[in-house]
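Here is upload19.cif, consisting of mmCIF, C-alpha atoms and all ligand atoms:
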data_input
#
loop_
_atom_site.label_atom_id
_atom_site.label_comp_id
_atom_site.auth_asym_id
_atom_site.auth_seq_id
_atom_site.Cartn_x
_atom_site.Cartn_y
_atom_site.Cartn_z
CA MET A 1 -11.41 3.98 17.71
CA THR A 2 -13.45 7.16 17.68
CA THR A 3 -14.95 9.37 15.04
CA ALA A 4 -14.27 12.43 17.20
CA THR A 5 -12.05 15.29 16.03
CA THR A 6 -8.44 14.21 15.47
CA ASN A 7 -6.39 14.79 18.61
CA VAL A 8 -3.34 16.86 17.61
CA SER A 9 -2.17 17.73 21.12
CA VAL A 10 1.49 17.05 21.72
CA GLY A 11 1.53 14.10 24.04
CA LEU A 12 3.36 10.89 24.69
CA GLU A 13 0.29 8.70 24.40
CA PRO A 14 0.60 6.12 21.55
CA ARG A 15 -1.87 7.31 18.95
CA LEU A 16 -3.17 3.92 17.80
CA LEU A 17 -3.62 2.40 21.23
CA GLY A 18 -6.56 -0.01 21.30
CA GLN A 19 -6.74 -0.14 17.51
CA THR A 20 -6.09 -3.00 15.10
CA VAL A 21 -4.21 -2.50 11.85
CA VAL A 22 -4.34 -5.16 9.14
CA VAL A 23 -1.55 -5.04 6.57
CA ILE A 24 -2.25 -6.93 3.36
CA GLY A 25 1.30 -7.43 2.09
CA GLY A 26 2.99 -6.83 5.43
CA SER A 27 6.06 -9.06 5.34
CA ALA A 28 8.34 -6.64 3.49
CA GLY A 29 8.79 -3.09 2.22
CA ILE A 30 6.14 -0.44 2.82
CA GLY A 31 3.73 -2.85 4.52
CA LEU A 32 6.31 -4.13 7.01
CA GLU A 33 7.46 -0.60 7.90
CA THR A 34 3.88 0.54 8.37
CA GLY A 35 3.22 -2.45 10.63
CA ARG A 36 6.32 -1.56 12.63
CA LEU A 37 5.30 2.09 13.05
CA ALA A 38 1.71 1.17 13.88
CA ARG A 39 3.04 -1.16 16.61
CA SER A 40 5.15 1.66 18.04
CA GLU A 41 1.96 3.75 18.16
CA GLY A 42 0.30 1.07 20.26
CA ALA A 43 -1.70 -0.79 17.59
CA GLU A 44 -2.23 -4.53 17.37
CA VAL A 45 -1.14 -5.65 13.91
CA VAL A 46 -2.20 -8.48 11.66
CA LEU A 47 0.13 -9.23 8.76
CA THR A 48 -0.49 -11.09 5.51
CA GLY A 49 1.67 -12.11 2.54
CA ARG A 50 2.21 -15.06 0.25
CA ASN A 51 5.52 -16.52 1.38
CA PRO A 52 4.79 -18.18 4.76
CA GLU A 53 8.41 -18.21 6.02
CA ARG A 54 8.99 -14.52 5.33
CA LEU A 55 5.62 -13.71 6.84
CA GLU A 56 6.29 -15.69 9.99
CA GLN A 57 9.61 -13.94 10.46
CA ALA A 58 7.98 -10.51 10.04
CA ALA A 59 5.16 -11.42 12.43
CA ARG A 60 7.69 -12.51 15.05
CA GLU A 61 9.76 -9.35 14.57
CA LEU A 62 6.71 -7.10 15.09
CA SER A 63 5.02 -9.27 17.74
CA ALA A 64 2.00 -9.31 15.45
CA ARG A 65 -1.34 -10.44 16.85
CA SER A 66 -1.63 -12.92 13.99
CA SER A 67 -0.59 -13.53 10.41
CA ALA A 68 -2.07 -15.35 7.43
CA ALA A 69 -0.51 -16.48 4.18
CA PHE A 70 -2.65 -16.06 1.06
CA ASP A 71 -2.58 -14.32 -2.30
CA ALA A 72 -4.41 -10.98 -2.18
CA ASP A 73 -5.51 -11.54 -5.77
CA ASP A 74 -7.36 -14.73 -4.77
CA ALA A 75 -10.93 -13.67 -3.92
CA ALA A 76 -11.67 -16.90 -2.02
CA GLY A 77 -8.50 -16.50 0.06
CA VAL A 78 -9.40 -12.89 0.88
CA LYS A 79 -12.91 -13.90 1.96
CA ARG A 80 -11.62 -16.76 4.14
CA PHE A 81 -9.10 -14.47 5.82
CA PHE A 82 -11.64 -11.80 6.76
CA ASP A 83 -14.29 -14.36 7.74
CA GLU A 84 -11.85 -15.84 10.25
CA LEU A 85 -10.49 -12.49 11.50
CA PRO A 86 -11.97 -11.44 14.86
CA ALA A 87 -13.83 -8.10 14.74
CA PRO A 88 -13.46 -5.22 15.18
CA ILE A 89 -10.60 -3.96 13.05
CA ASP A 90 -9.74 -0.32 12.51
CA HIS A 91 -7.43 0.11 9.53
CA VAL A 92 -6.47 -1.95 6.48
CA LEU A 93 -3.40 -1.09 4.41
CA ILE A 94 -3.22 -2.79 1.01
CA ALA A 95 0.48 -2.98 0.19
CA ALA A 96 0.30 -6.25 -1.73
CA TYR A 97 1.82 -5.95 -5.10
CA THR A 98 -0.08 -6.33 -8.35
CA ARG A 99 2.34 -7.11 -11.14
CA ARG A 100 2.29 -4.45 -13.78
CA SER A 101 1.87 -5.22 -17.46
CA TYR A 102 4.72 -3.40 -19.11
CA GLY A 103 5.13 -3.19 -22.85
CA PRO A 104 3.31 -1.86 -25.93
CA MET A 105 -0.44 -2.41 -25.62
CA LEU A 106 -1.16 -3.49 -29.20
CA GLN A 107 1.16 -6.45 -28.77
CA ARG A 108 -1.06 -7.88 -26.04
CA LEU A 109 -4.49 -9.43 -25.99
CA PRO A 110 -7.22 -6.86 -25.26
CA ALA A 111 -8.43 -8.91 -22.26
CA GLU A 112 -4.92 -8.92 -20.82
CA VAL A 113 -4.71 -5.12 -21.13
CA GLY A 114 -8.11 -4.78 -19.48
CA GLN A 115 -7.00 -6.98 -16.61
CA GLY A 116 -3.79 -4.99 -16.28
CA ILE A 117 -5.80 -1.81 -15.82
CA GLY A 118 -8.46 -3.34 -13.58
CA ARG A 119 -6.57 -5.81 -11.45
CA ARG A 120 -5.69 -3.47 -8.61
CA VAL A 121 -9.27 -2.20 -8.56
CA THR A 122 -10.74 -5.69 -8.34
CA GLN A 123 -8.21 -6.68 -5.65
CA VAL A 124 -9.16 -3.64 -3.57
CA LEU A 125 -12.90 -4.25 -4.07
CA GLU A 126 -12.67 -7.83 -2.79
CA ILE A 127 -10.72 -6.66 0.26
CA ALA A 128 -13.13 -3.75 0.86
CA ARG A 129 -16.21 -5.96 0.53
CA ASN A 130 -14.92 -8.40 3.13
CA ALA A 131 -13.14 -6.01 5.49
CA ALA A 132 -15.71 -3.21 5.74
CA PRO A 133 -18.32 -5.07 7.85
CA LYS A 134 -15.64 -5.58 10.53
CA MET A 135 -14.18 -2.05 10.43
CA ARG A 136 -15.03 0.55 13.02
CA PRO A 137 -16.32 3.97 11.90
CA GLY A 138 -13.44 6.37 11.42
CA GLY A 139 -10.98 3.65 10.40
CA THR A 140 -9.38 3.79 6.99
CA LEU A 141 -8.82 1.51 4.07
CA LEU A 142 -5.50 2.60 2.58
CA LEU A 143 -4.63 1.88 -1.05
CA THR A 144 -1.18 2.09 -2.60
CA GLY A 145 -0.46 3.14 -6.16
CA GLY A 146 2.22 4.89 -8.16
CA SER A 147 2.65 8.54 -9.07
CA GLU A 148 4.31 7.62 -12.39
CA ARG A 149 2.51 9.37 -15.25
CA LYS A 150 5.27 9.42 -17.87
CA LEU A 151 4.01 7.96 -21.13
CA SER A 152 6.19 5.64 -23.19
CA ARG A 153 5.81 2.60 -25.41
CA GLU A 154 7.57 0.51 -22.77
CA ALA A 155 5.39 1.71 -19.89
CA GLY A 156 2.28 0.76 -21.90
CA ILE A 157 -0.81 0.77 -19.69
CA THR A 158 1.04 1.38 -16.40
CA PRO A 159 0.25 5.14 -16.18
CA ALA A 160 -3.40 4.39 -17.06
CA ALA A 161 -3.64 1.67 -14.39
CA PHE A 162 -2.38 4.08 -11.72
CA ALA A 163 -4.44 7.02 -13.03
CA VAL A 164 -7.78 5.31 -12.35
CA LEU A 165 -7.01 4.98 -8.65
CA PRO A 166 -7.70 8.56 -7.36
CA PRO A 167 -11.33 8.75 -8.63
CA PHE A 168 -11.82 5.08 -7.71
CA THR A 169 -10.64 5.85 -4.16
CA ALA A 170 -12.95 8.85 -3.88
CA ALA A 171 -15.97 6.91 -5.15
CA LEU A 172 -15.25 4.02 -2.78
CA ALA A 173 -14.97 6.49 0.10
CA LEU A 174 -18.59 7.48 -0.55
CA GLU A 175 -19.68 3.84 -0.58
CA LEU A 176 -17.79 2.79 2.54
CA ALA A 177 -18.50 5.83 4.74
CA PRO A 178 -18.18 6.16 7.72
CA VAL A 179 -15.12 3.98 7.06
CA ARG A 180 -12.61 6.21 5.29
CA VAL A 181 -10.74 5.35 2.08
CA ASN A 182 -7.47 7.01 1.03
CA LEU A 183 -4.74 6.48 -1.56
CA ILE A 184 -0.99 6.79 -1.26
CA GLN A 185 0.79 7.28 -4.60
CA ALA A 186 4.50 6.56 -4.38
CA GLY A 187 7.39 7.34 -6.69
CA PHE A 188 10.61 5.33 -6.30
CA VAL A 189 10.59 3.87 -2.79
CA ASP A 190 13.73 1.94 -1.90
CA THR A 191 12.28 -1.56 -1.45
CA ALA A 192 12.95 -4.99 -2.96
CA LEU A 193 10.12 -4.35 -5.40
CA ALA A 194 11.59 -1.11 -6.73
CA THR A 195 15.09 -2.52 -7.04
CA SER A 196 13.82 -5.65 -8.82
CA TYR A 197 13.28 -3.60 -11.98
CA PHE A 198 17.03 -2.99 -12.41
CA ALA A 199 19.54 -5.30 -14.06
CA ASP A 200 21.98 -5.44 -11.13
CA ALA A 201 23.09 -3.80 -7.88
CA GLU A 202 25.23 -1.31 -9.79
CA ALA A 203 22.23 -0.11 -11.80
CA VAL A 204 20.20 0.29 -8.60
CA GLU A 205 22.95 2.35 -6.97
CA ALA A 206 23.21 4.51 -10.10
CA ARG A 207 19.46 5.22 -9.88
CA ARG A 208 19.73 6.10 -6.18
CA GLU A 209 22.60 8.46 -7.01
CA GLU A 210 20.55 10.07 -9.76
CA LEU A 211 17.61 10.56 -7.40
CA ARG A 212 19.83 12.11 -4.72
CA ALA A 213 21.16 14.52 -7.33
CA THR A 214 17.83 15.46 -8.92
CA LEU A 215 15.00 15.12 -6.39
CA PRO A 216 13.96 18.34 -4.65
CA ILE A 217 14.38 16.55 -1.29
CA GLY A 218 17.97 15.53 -2.13
CA ARG A 219 17.59 11.96 -0.90
CA VAL A 220 15.90 8.69 -1.77
CA VAL A 221 12.44 7.97 -0.36
CA GLY A 222 12.38 4.88 1.87
CA PRO A 223 9.56 2.64 3.12
CA ALA A 224 9.63 4.33 6.54
CA ASP A 225 8.69 7.62 4.84
CA VAL A 226 5.60 6.00 3.35
CA ALA A 227 4.81 4.32 6.67
CA ALA A 228 4.78 7.74 8.37
CA LEU A 229 2.17 8.96 5.88
CA ALA A 230 0.11 5.77 6.20
CA VAL A 231 -0.02 6.02 9.99
CA HIS A 232 -0.91 9.70 9.78
CA LEU A 233 -3.84 8.82 7.53
CA MET A 234 -4.97 6.23 10.09
CA ILE A 235 -4.87 8.79 12.88
CA ASN A 236 -6.35 11.79 11.07
CA THR A 237 -10.07 11.03 10.99
CA ALA A 238 -10.83 14.10 8.83
CA VAL A 239 -9.24 12.64 5.69
CA THR A 240 -11.21 10.51 3.25
CA GLY A 241 -11.40 10.06 -0.51
CA ALA A 242 -7.99 11.70 -0.72
CA THR A 243 -4.85 10.96 -2.75
CA TYR A 244 -1.38 11.72 -1.42
CA ASP A 245 1.78 11.78 -3.53
CA ILE A 246 4.93 10.71 -1.74
CA ASP A 247 7.80 10.79 -4.19
CA GLY A 248 10.28 13.38 -2.94
CA GLY A 249 9.09 15.66 -5.75
CA GLN A 250 9.86 13.11 -8.50
CA ARG A 251 6.74 14.03 -10.45
CA LEU A 252 7.79 17.70 -10.50
CA ILE A 253 11.00 17.16 -12.42
CA ALA A 254 11.39 16.22 -16.05
N1 LIG A 301 8.51 0.55 -4.04
C1 LIG A 301 8.11 1.42 -4.94
O1 LIG A 301 8.93 2.12 -5.56
C2 LIG A 301 6.63 1.62 -5.21
C3 LIG A 301 6.27 2.63 -6.11
C4 LIG A 301 4.94 2.81 -6.39
C5 LIG A 301 3.98 2.02 -5.79
N2 LIG A 301 4.35 1.05 -4.94
C6 LIG A 301 3.29 0.21 -4.35
O2 LIG A 301 3.44 0.09 -2.95
C7 LIG A 301 2.97 -1.21 -2.54
C8 LIG A 301 4.04 -1.91 -1.71
O3 LIG A 301 5.22 -2.01 -2.47
P1 LIG A 301 6.65 -2.41 -1.83
O4 LIG A 301 7.66 -1.67 -2.62
O5 LIG A 301 6.61 -2.28 -0.35
O6 LIG A 301 6.71 -3.96 -2.26
P2 LIG A 301 7.58 -5.15 -1.61
O7 LIG A 301 8.78 -4.64 -0.91
O8 LIG A 301 7.74 -6.13 -2.70
O9 LIG A 301 6.59 -5.76 -0.49
C9 LIG A 301 5.34 -6.25 -0.90
C10 LIG A 301 4.71 -7.02 0.25
O10 LIG A 301 3.45 -7.50 -0.17
C11 LIG A 301 3.45 -8.94 -0.23
N3 LIG A 301 2.72 -9.28 -1.44
C12 LIG A 301 3.05 -8.99 -2.71
N4 LIG A 301 2.13 -9.44 -3.57
C13 LIG A 301 1.18 -10.04 -2.82
C14 LIG A 301 -0.03 -10.69 -3.13
N5 LIG A 301 -0.44 -10.84 -4.40
N6 LIG A 301 -0.76 -11.18 -2.11
C15 LIG A 301 -0.36 -11.05 -0.82
N7 LIG A 301 0.78 -10.42 -0.47
C16 LIG A 301 1.55 -9.93 -1.46
C17 LIG A 301 4.92 -9.33 -0.23
O11 LIG A 301 5.14 -10.62 0.33
P3 LIG A 301 5.04 -11.94 -0.61
O12 LIG A 301 5.85 -11.65 -1.84
O13 LIG A 301 5.60 -13.05 0.25
O14 LIG A 301 3.61 -12.13 -0.92
C18 LIG A 301 5.48 -8.26 0.68
O15 LIG A 301 5.20 -8.52 2.03
C19 LIG A 301 2.59 -1.95 -3.84
O16 LIG A 301 1.22 -1.78 -4.05
C20 LIG A 301 3.36 -1.20 -4.91
O17 LIG A 301 2.75 -1.29 -6.17
C21 LIG A 301 5.65 0.82 -4.61
#

Represent the structure contained in this file as structure tokens.
Ligand SMILES: NC(=O)c1ccc[n+]([C@@H]2O[C@H](COP(=O)([O-])OP(=O)(O)OC[C@H]3O[C@@H](n4cnc5c(N)ncnc54)[C@H](OP(=O)(O)O)[C@@H]3O)[C@@H](O)[C@H]2O)c1
Amino acid sequence: MTTATTNVSVGLEPRLLGQTVVVIGGSAGIGLETGRLARSEGAEVVLTGRNPERLEQAARELSARSSAAFDADDAAGVKRFFDELPAPIDHVLIAAYTRRSYGPMLQRLPAEVGQGIGRRVTQVLEIARNAAPKMRPGGTLLLTGGSERKLSREAGITPAAFAVLPPFTAALALELAPVRVNLIQAGFVDTALATSYFADAEAVEARREELRATLPIGRVVGPADVAALAVHLMINTAVTGATYDIDGGQRLIA
């Protein structure tokens, strides 16, 4: 890891050689694809997730350096994991899911709404607090959020919970410097998480069809697309405090 100018020369050298990438939520979806791409760029990867069987399978598939099963929302589990993780590490992607609180806000307890807005922030802070002392200068903490801003009774606090993340990311970048902090905001990404919101396989396929027909890019965004952005943000040491939308232009259309 170096804090020198990003090397953009066209070469065949793997661009994460000698670096360690930790993926919190790395046994499926965006995290797994980022781990895979980081491996192909020469990185050592460490994967985490809750389900030990799925995690073990992913770790085997990627020849991960190690893996650890714990809930990213459990502060004690996060601390234990980083305490036991050999230093140094270079990059940490947080792709663990924080369940969203859908539904009208007035029908919920105020504390529940507050937690819904703050849960991703507190999860990231616990990870940052424990990971940062082991991270090399120039590495990045990468957050994931959603680009959804459409307001509706059903969406409730979801747009608000995502909207806090860009200024939160920027402020954390100031606190963690010279470690960098960046945010990836996704639209519909074709993973198990995204498809879980639909009633059945037919409804998922109908949504994919709609996206192909309406998105400016004319296709559905997949986890490998997000992985490409995540790995770029690991490599490009000039980027910090930044938010990147990756949604195929979804936020641009009505
Ligand atoms: N897919 C989308 O359309 C979309 C859109 C906007 C934002 N995002 C964000 O992108 C991130 C990744 O989403 P994805 O679609 O890749 O999800 P996914 O396919 O469900 O994969 C999530 C991964 O994280 C692990 N995980 C989930 N919750 C965890 C927790 N509490 N602690 C530890 N590990 C956990 C899962 O394994 P276990 O279940 O075994 O723990 C799995 O390995 C999330 O932050 C999500 O909110 C996704």

Practice problem: With only C-alpha atoms and all ligand atoms counted, collect every polymer residue having an atom within 8 Å of ligand LIG 301 (chain A); state the result as a PyMOL selection string. | Solution: chain A and resi 24-32+48-52+54-55+69-74+94-99+143-148+185-195+223

Selection file, C-alpha atoms, as a PDB file, keeping the file's coordinate frame:
ATOM      1  CA  ILE A  24      -2.250  -6.930   3.360  1.00  0.00           C
ATOM      2  CA  GLY A  25       1.300  -7.430   2.090  1.00  0.00           C
ATOM      3  CA  GLY A  26       2.990  -6.830   5.430  1.00  0.00           C
ATOM      4  CA  SER A  27       6.060  -9.060   5.340  1.00  0.00           C
ATOM      5  CA  ALA A  28       8.340  -6.640   3.490  1.00  0.00           C
ATOM      6  CA  GLY A  29       8.790  -3.090   2.220  1.00  0.00           C
ATOM      7  CA  ILE A  30       6.140  -0.440   2.820  1.00  0.00           C
ATOM      8  CA  GLY A  31       3.730  -2.850   4.520  1.00  0.00           C
ATOM      9  CA  LEU A  32       6.310  -4.130   7.010  1.00  0.00           C
ATOM     10  CA  THR A  48      -0.490 -11.090   5.510  1.00  0.00           C
ATOM     11  CA  GLY A  49       1.670 -12.110   2.540  1.00  0.00           C
ATOM     12  CA  ARG A  50       2.210 -15.060   0.250  1.00  0.00           C
ATOM     13  CA  ASN A  51       5.520 -16.520   1.380  1.00  0.00           C
ATOM     14  CA  PRO A  52       4.790 -18.180   4.760  1.00  0.00           C
ATOM     15  CA  ARG A  54       8.990 -14.520   5.330  1.00  0.00           C
ATOM     16  CA  LEU A  55       5.620 -13.710   6.840  1.00  0.00           C
ATOM     17  CA  ALA A  69      -0.510 -16.480   4.180  1.00  0.00           C
ATOM     18  CA  PHE A  70      -2.650 -16.060   1.060  1.00  0.00           C
ATOM     19  CA  ASP A  71      -2.580 -14.320  -2.300  1.00  0.00           C
ATOM     20  CA  ALA A  72      -4.410 -10.980  -2.180  1.00  0.00           C
ATOM     21  CA  ASP A  73      -5.510 -11.540  -5.770  1.00  0.00           C
ATOM     22  CA  ASP A  74      -7.360 -14.730  -4.770  1.00  0.00           C
ATOM     23  CA  ILE A  94      -3.220  -2.790   1.010  1.00  0.00           C
ATOM     24  CA  ALA A  95       0.480  -2.980   0.190  1.00  0.00           C
ATOM     25  CA  ALA A  96       0.300  -6.250  -1.730  1.00  0.00           C
ATOM     26  CA  TYR A  97       1.820  -5.950  -5.100  1.00  0.00           C
ATOM     27  CA  THR A  98      -0.080  -6.330  -8.350  1.00  0.00           C
ATOM     28  CA  ARG A  99       2.340  -7.110 -11.140  1.00  0.00           C
ATOM     29  CA  LEU A 143      -4.630   1.880  -1.050  1.00  0.00           C
ATOM     30  CA  THR A 144      -1.180   2.090  -2.600  1.00  0.00           C
ATOM     31  CA  GLY A 145      -0.460   3.140  -6.160  1.00  0.00           C
ATOM     32  CA  GLY A 146       2.220   4.890  -8.160  1.00  0.00           C
ATOM     33  CA  SER A 147       2.650   8.540  -9.070  1.00  0.00           C
ATOM     34  CA  GLU A 148       4.310   7.620 -12.390  1.00  0.00           C
ATOM     35  CA  GLN A 185       0.790   7.280  -4.600  1.00  0.00           C
ATOM     36  CA  ALA A 186       4.500   6.560  -4.380  1.00  0.00           C
ATOM     37  CA  GLY A 187       7.390   7.340  -6.690  1.00  0.00           C
ATOM     38  CA  PHE A 188      10.610   5.330  -6.300  1.00  0.00           C
ATOM     39  CA  VAL A 189      10.590   3.870  -2.790  1.00  0.00           C
ATOM     40  CA  ASP A 190      13.730   1.940  -1.900  1.00  0.00           C
ATOM     41  CA  THR A 191      12.280  -1.560  -1.450  1.00  0.00           C
ATOM     42  CA  ALA A 192      12.950  -4.990  -2.960  1.00  0.00           C
ATOM     43  CA  LEU A 193      10.120  -4.350  -5.400  1.00  0.00           C
ATOM     44  CA  ALA A 194      11.590  -1.110  -6.730  1.00  0.00           C
ATOM     45  CA  THR A 195      15.090  -2.520  -7.040  1.00  0.00           C
ATOM     46  CA  PRO A 223       9.560   2.640   3.120  1.00  0.00           C
TER      47      PRO A 223
END

Long-range neighbours of A:Asn182 as a JSON list (two decimals) with C-alpha atoms, keeping the file's coordinate frame, 6 Å cut-off, all atoms listed in the file, 2 positions minimum in chain:
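Result saved to out-v5.json:
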[["chain", "number", "residue", "atom", "x", "y", "z"],
["A", 142, "LEU", "CA", -5.50, 2.60, 2.58],
["A", 240, "THR", "CA", -11.21, 10.51, 3.25],
["A", 241, "GLY", "CA", -11.40, 10.06, -0.51],
["A", 242, "ALA", "CA", -7.99, 11.70, -0.72]]

Excluding A:Gly35 and its own-chain neighbours fewer than 4 positions away, which residues fall within 9 Å of it when counting only C-alpha atoms? Please give them as a short mmCIF file (atom, residue, chain, number, x, y, z; two decimals) with C-alpha atoms, keeping the file's coordinate frame.
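Final file, around.cif:
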data_model
loop_
_atom_site.label_atom_id
_atom_site.label_comp_id
_atom_site.auth_asym_id
_atom_site.auth_seq_id
_atom_site.Cartn_x
_atom_site.Cartn_y
_atom_site.Cartn_z
CA VAL A 21 -4.21 -2.50 11.85
CA VAL A 22 -4.34 -5.16 9.14
CA VAL A 23 -1.55 -5.04 6.57
CA GLY A 26 2.99 -6.83 5.43
CA SER A 27 6.06 -9.06 5.34
CA ILE A 30 6.14 -0.44 2.82
CA GLY A 31 3.73 -2.85 4.52
CA ARG A 39 3.04 -1.16 16.61
CA SER A 40 5.15 1.66 18.04
CA ALA A 43 -1.70 -0.79 17.59
CA GLU A 44 -2.23 -4.53 17.37
CA VAL A 45 -1.14 -5.65 13.91
CA VAL A 46 -2.20 -8.48 11.66
CA LEU A 47 0.13 -9.23 8.76
CA LEU A 62 6.71 -7.10 15.09
CA ALA A 64 2.00 -9.31 15.45
CA ALA A 227 4.81 4.32 6.67
#

Quiz prompt | Selected residue of minimal separation from A:Gly248 among A:Ala87, A:Met234, A:Ile217, A:Gly114, counting all atoms listed in the file | solution =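 Smallest separation from A:Gly248 among the options: A:Ile217.
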
Practice problem: Tell me, as JSON, numbers by chain, which residues lie within 12 Å of A:Phe168, counting only C-alpha atoms; anything in the same chain fewer than 3 positions away does not count. | Solution: {"A": [118, 120, 121, 122, 124, 125, 143, 145, 161, 162, 163, 164, 165, 171, 172, 173, 174, 175, 181, 182, 183, 241, 242, 243]}

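Nearest-residue note for A:Arg108: choosing from A:Ile157, A:Leu176, A:Ala58, A:Val78, the minimum distance belongs to A:Ile157, counting only C-alpha atoms.
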
Quiz item: Restricting the calculation to all atoms listed in the file, which member of A:Glu41, A:Asp245, A:Thr34, A:Tyr102 is positioned closest to A:Tyr197?
Solution: A:Tyr102

Quiz item: Counting all atoms listed in the file, which of A:Leu252, A:Leu16, A:Ala213, A:Ala177 gets nearest to A:Ala132?
Solution: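 Checking each of A:Leu252, A:Leu16, A:Ala213, A:Ala177 against A:Ala132, counting all atoms listed in the file, the winner is A:Ala177.
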
Self-check item: Nearest residue to A:Ala128 from the set A:Tyr244, A:Lys79, A:Thr214, A:Ile253 (distances using only C-alpha atoms)
Solution: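 Smallest separation from A:Ala128 among the options: A:Lys79.
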
Practice problem: Identify the residues around (-12.9, -12.2, 9.7) within a radius of 12 Å, measuring from all atoms listed in the file in the coordinates stated by the file, and give them as a PyMOL selection string. | Solution: chain A and resi 22+46+68+77-89+127+129-135

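Of note, atom CA of A:Ala199 and atom CA of A:Gln123 are spaced 29.0 Å apart.
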
Quiz item: For A:Gln107, which of A:Leu233, A:Arg180, A:Gly156, A:Leu141 is the closest residue, counting all atoms listed in the file?
Solution: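 Of all the options, A:Gly156 lies closest to A:Gln107.
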
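From atom CA of A:Lys150 back to atom CA of A:Pro216, the distance works out to 18.2 Å.
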